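Each remark here refers to the structure printed beneath this line.
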Amino acid sequence: MKDGTTVWLPYHRHRIPGLPDEFTYAYWDGSGPLPGDPAEVRFLVGPPAPGAERVLRPVLPRMRNLEVLQLLSSGYDHMLPLLDAMPPGTRLTTGRGVHREATAELAVTLLLALCRGLDVFGARQAEGTWQPEFRTTLVGKRVLVIGYGAVGAAVAARLGAFRCEPVLVARTARTTPAGRVHGVAELPELLPTADAVVLCAPLTEQTRGIFDADALALLKDGALLVNAARGELVDTDALVQEVRKGRLRVALDVTDPEPLPPGHPLWHLPGALITPHVAAFTDAFPTMTEDFLRRQLRRYARGEELHNVVVTTTAAHDVEQAA
């Protein structure tokens, strides 16, 4: 039993009916004063906003009894530098899968926007220019989906409606009910055959910079690249060069650096469509996250294995990456 366990939530307790009654809850979304003594907190839900690591950095060293740090994002790379601030045995958990539908929806939206030239027509609308032209379509195109986790699977499922050929790529090759999944080692052979690429992979030491200048050069002229994962998967300077030459067109919900600074060439480069890391931020965000927290805290109360544990800190801060 965990009677009296203190839990800090970024939502008011009354918004999430069905939470375990034996816990003591406090509201903290990272923007105001601390609601109590951080040393009493055993389960902390991180603020659901970009830059949460900056808010948590001064607080975590004071949480000497922390058992669980629950993130509401699927990514956790931004939290790895803070492992030293967590006591041994702390479980870092993510919201992997919670926002897969919204993220997949935006990824496919961006791909369709590139295909049909909505970025171009939007600019012409601002100029008051009526200039019809032929654009490409997804029908019959070969689309590589890089990363076959929750988001990648949701993207592939949606692409099927457009009569294109989704090609699934993950860390290791395998066969799934959805078909063959290629291993990342096959990318040099796959990239020249792709009409489009959608990045859904997590950021790890193995995926960081996976789309460098050499990988981008393997893509055919006119290929489309959508990144709905992490900006650091792509070499930004190399990408800018390929887009500037007119070889590739890109849609990016994530960038490196992020936020994209004023004056960066991607802001005004023809062939680049930018959204400010908003894939998960829809009107479904509160409902989906509240439902997930309810289920997660019930598991915690019963002493069951938590969903999406990616790190359990030890003296050496070993990292276990979610499959």
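Convention: chains lettered A, B, ... in structure tokens order; per-chain residue numbering from 1; ligands numbered from 1 as shown.
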I'd like to know which residues of segment 105-144 of chain A are alpha helix (DSSP H) (by DSSP, run on the backbone); could you write them as JSON, numbers by chain? {"A": [105, 106, 107, 108, 109, 110, 111, 112, 113, 114, 115, 116, 118, 119, 120, 121, 122, 123, 124, 125, 126, 127]}
Emit the selected residues as an mmCIF file, in the first residue's frame, including C-alpha atoms.
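So the final result, stored in part_17.cif, reads:
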data_model
loop_
_atom_site.group_PDB
_atom_site.id
_atom_site.type_symbol
_atom_site.label_atom_id
_atom_site.label_comp_id
_atom_site.auth_asym_id
_atom_site.auth_seq_id
_atom_site.Cartn_x
_atom_site.Cartn_y
_atom_site.Cartn_z
ATOM 1 C CA GLU A 105 -2.542 12.998 -38.265
ATOM 2 C CA LEU A 106 -0.181 15.964 -38.537
ATOM 3 C CA ALA A 107 2.563 13.899 -40.194
ATOM 4 C CA VAL A 108 0.188 12.777 -42.946
ATOM 5 C CA THR A 109 -1.253 16.306 -43.208
ATOM 6 C CA LEU A 110 2.247 17.700 -43.796
ATOM 7 C CA LEU A 111 2.981 15.035 -46.394
ATOM 8 C CA LEU A 112 -0.247 15.825 -48.248
ATOM 9 C CA ALA A 113 0.499 19.559 -48.026
ATOM 10 C CA LEU A 114 3.870 19.008 -49.693
ATOM 11 C CA CYS A 115 2.366 16.778 -52.380
ATOM 12 C CA ARG A 116 -0.372 19.210 -53.294
ATOM 13 C CA LEU A 118 -0.268 23.950 -50.162
ATOM 14 C CA ASP A 119 2.812 25.838 -48.987
ATOM 15 C CA VAL A 120 3.242 27.278 -52.486
ATOM 16 C CA PHE A 121 -0.433 28.116 -52.937
ATOM 17 C CA GLY A 122 -0.564 29.646 -49.444
ATOM 18 C CA ALA A 123 2.261 32.009 -50.370
ATOM 19 C CA ARG A 124 0.508 32.911 -53.606
ATOM 20 C CA GLN A 125 -2.709 33.592 -51.734
ATOM 21 C CA ALA A 126 -0.847 36.087 -49.566
ATOM 22 C CA GLU A 127 0.335 37.745 -52.792
#
I'd like the neighbourhood of Gln206 of chain A as a compact mmCIF listing (two decimals) with N, CA, C and O atoms, in the first residue's frame, where a residue qualifies if any of its atoms comes within 12 Å (using only C-alpha atoms), though same-chain residues fewer than 2 positions away should be ignored.
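Written output follows (part.txt):
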# COMPACT_ATOMS: atom_id res chain seq x y z
N ALA A 170 12.47 0.03 -39.19
CA ALA A 170 12.71 0.14 -37.76
C ALA A 170 14.14 -0.25 -37.45
O ALA A 170 14.94 -0.53 -38.36
N ARG A 171 14.48 -0.28 -36.18
CA ARG A 171 15.85 -0.59 -35.78
C ARG A 171 16.29 -1.96 -36.28
O ARG A 171 17.40 -2.15 -36.76
N VAL A 184 17.02 -0.81 -40.16
CA VAL A 184 17.63 0.47 -40.54
C VAL A 184 18.89 0.27 -41.37
O VAL A 184 19.27 1.15 -42.15
N ALA A 185 19.52 -0.89 -41.25
CA ALA A 185 20.72 -1.17 -42.05
C ALA A 185 20.41 -1.22 -43.54
O ALA A 185 21.32 -1.09 -44.37
N ALA A 201 10.91 8.10 -35.79
CA ALA A 201 11.79 7.36 -34.90
C ALA A 201 12.13 8.17 -33.65
O ALA A 201 12.20 9.40 -33.70
N PRO A 202 12.39 7.50 -32.53
CA PRO A 202 12.85 8.21 -31.34
C PRO A 202 14.29 8.67 -31.52
O PRO A 202 15.02 8.15 -32.37
N LEU A 203 14.67 9.65 -30.73
CA LEU A 203 16.05 10.12 -30.75
C LEU A 203 16.88 9.28 -29.78
O LEU A 203 16.62 9.27 -28.58
N THR A 204 17.85 8.57 -30.32
CA THR A 204 18.80 7.80 -29.53
C THR A 204 20.19 8.08 -30.08
O THR A 204 20.35 8.77 -31.09
N ARG A 208 20.53 9.58 -33.84
CA ARG A 208 20.96 10.98 -33.95
C ARG A 208 21.74 11.19 -35.25
O ARG A 208 22.74 10.51 -35.51
N GLY A 209 21.30 12.13 -36.07
CA GLY A 209 21.98 12.43 -37.32
C GLY A 209 21.89 11.34 -38.36
O GLY A 209 22.68 11.30 -39.30
N ILE A 210 20.89 10.45 -38.24
CA ILE A 210 20.79 9.34 -39.19
C ILE A 210 20.55 9.84 -40.61
O ILE A 210 20.98 9.22 -41.57
N PHE A 211 19.88 10.99 -40.73
CA PHE A 211 19.71 11.60 -42.05
C PHE A 211 20.74 12.72 -42.18
O PHE A 211 20.44 13.89 -42.07
N GLU A 232 16.89 16.44 -34.24
CA GLU A 232 18.27 15.96 -34.27
C GLU A 232 18.46 14.70 -35.11
O GLU A 232 19.60 14.26 -35.30
N LEU A 233 17.39 14.12 -35.63
CA LEU A 233 17.55 13.00 -36.54
C LEU A 233 18.17 13.43 -37.86
O LEU A 233 18.72 12.62 -38.60
N GLN A 321 16.09 1.59 -22.96
CA GLN A 321 15.24 2.25 -23.94
C GLN A 321 14.01 1.40 -24.22
O GLN A 321 14.08 0.20 -24.35
Just the residues within 12 Å of segment 304-306 of chain A, please, counting only C-alpha atoms, with nothing from its chain fewer than 6 positions along; format it as a ChimeraX atom specification. /A:1,43,67-70,91-95,292-298,312
Go through A:Pro87, A:Pro166, A:Pro261, A:Pro50 and flag the residue nearest His182 of chain A, using only C-alpha atoms for the distances. A:Pro166
Close residues, segment 100-103 of chain A itself excluded, 7 Å, only C-alpha atoms, min 5 positions apart in chain, as a PyMOL selection string: chain A and resi 150-151+154+279-280
Could you dump the residues just selected with N, CA, C and O atoms as a short mmCIF file (atom, residue, chain, number, x, y, z; two decimals), in the first residue's frame?
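Below is the file that was written, part20.cif:
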data_model
loop_
_atom_site.label_atom_id
_atom_site.label_comp_id
_atom_site.auth_asym_id
_atom_site.auth_seq_id
_atom_site.Cartn_x
_atom_site.Cartn_y
_atom_site.Cartn_z
N ALA A 150 4.55 3.35 -32.03
CA ALA A 150 3.13 3.72 -32.00
C ALA A 150 2.79 4.72 -33.09
O ALA A 150 1.80 4.57 -33.81
N VAL A 151 3.61 5.77 -33.23
CA VAL A 151 3.32 6.80 -34.22
C VAL A 151 3.53 6.26 -35.63
O VAL A 151 2.71 6.48 -36.52
N ALA A 154 0.70 4.18 -36.74
CA ALA A 154 -0.49 4.99 -37.03
C ALA A 154 -0.35 5.74 -38.35
O ALA A 154 -1.32 5.89 -39.10
N ALA A 279 2.51 18.78 -33.04
CA ALA A 279 1.80 17.56 -33.44
C ALA A 279 0.85 17.05 -32.36
O ALA A 279 -0.28 16.65 -32.66
N ALA A 280 1.28 17.06 -31.12
CA ALA A 280 0.46 16.49 -30.04
C ALA A 280 -0.54 17.49 -29.47
O ALA A 280 -1.47 17.10 -28.76
#
Using only C-alpha atoms, which residues sit within 12 Å of Gly32 of chain A once same-chain residues fewer than 6 positions away are excluded, as JSON, numbers by chain? {"A": [10, 47, 55]}
Atom pair atom CA of Val278 of chain A / atom CA of Ala223 of chain A: separation (Å):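 If I compute the distance from atom CA of Val278 of chain A to atom CA of Ala223 of chain A, I get 23.7 Å.
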From a backbone DSSP assignment, name each residue in segment 231-287 of chain A labelled strand (DSSP E), as a PyMOL selection string. chain A and resi 248-252+272-274
Write the residues of the selection above to a file with N, CA and C atoms, as a tab-separated table (two decimals), in the first residue's frame.
chain	number	residue	atom	x	y	z
A	248	LEU	N	15.09	18.58	-52.80
A	248	LEU	CA	14.15	18.02	-51.85
A	248	LEU	C	13.17	19.10	-51.40
A	249	ARG	N	11.97	18.65	-50.99
A	249	ARG	CA	11.02	19.51	-50.33
A	249	ARG	C	10.73	18.90	-48.96
A	250	VAL	N	10.61	19.74	-47.94
A	250	VAL	CA	10.52	19.22	-46.57
A	250	VAL	C	9.40	19.90	-45.80
A	251	ALA	N	8.83	19.14	-44.86
A	251	ALA	CA	7.88	19.68	-43.88
A	251	ALA	C	8.35	19.23	-42.51
A	252	LEU	N	8.58	20.17	-41.63
A	252	LEU	CA	9.21	19.88	-40.34
A	252	LEU	C	8.34	20.39	-39.20
A	272	ALA	N	10.36	24.55	-48.02
A	272	ALA	CA	10.35	24.15	-46.60
A	272	ALA	C	9.07	24.64	-45.95
A	273	LEU	N	8.36	23.74	-45.31
A	273	LEU	CA	7.13	24.06	-44.58
A	273	LEU	C	7.39	23.76	-43.11
A	274	ILE	N	7.17	24.73	-42.22
A	274	ILE	CA	7.52	24.60	-40.80
A	274	ILE	C	6.28	24.73	-39.93
What's the 12 Å shell around Arg247 of chain A, counting only C-alpha atoms, without same-chain residues fewer than 5 positions away, as a list in words? Asp195, Leu216, Ala217, Leu218, Leu219, Lys220, Asp221, Gly222, Ala223, Leu224, Leu225, Ala238, Leu239, Val240, Gln241, Glu242, Pro270, Gly271 and Ala272 of chain A
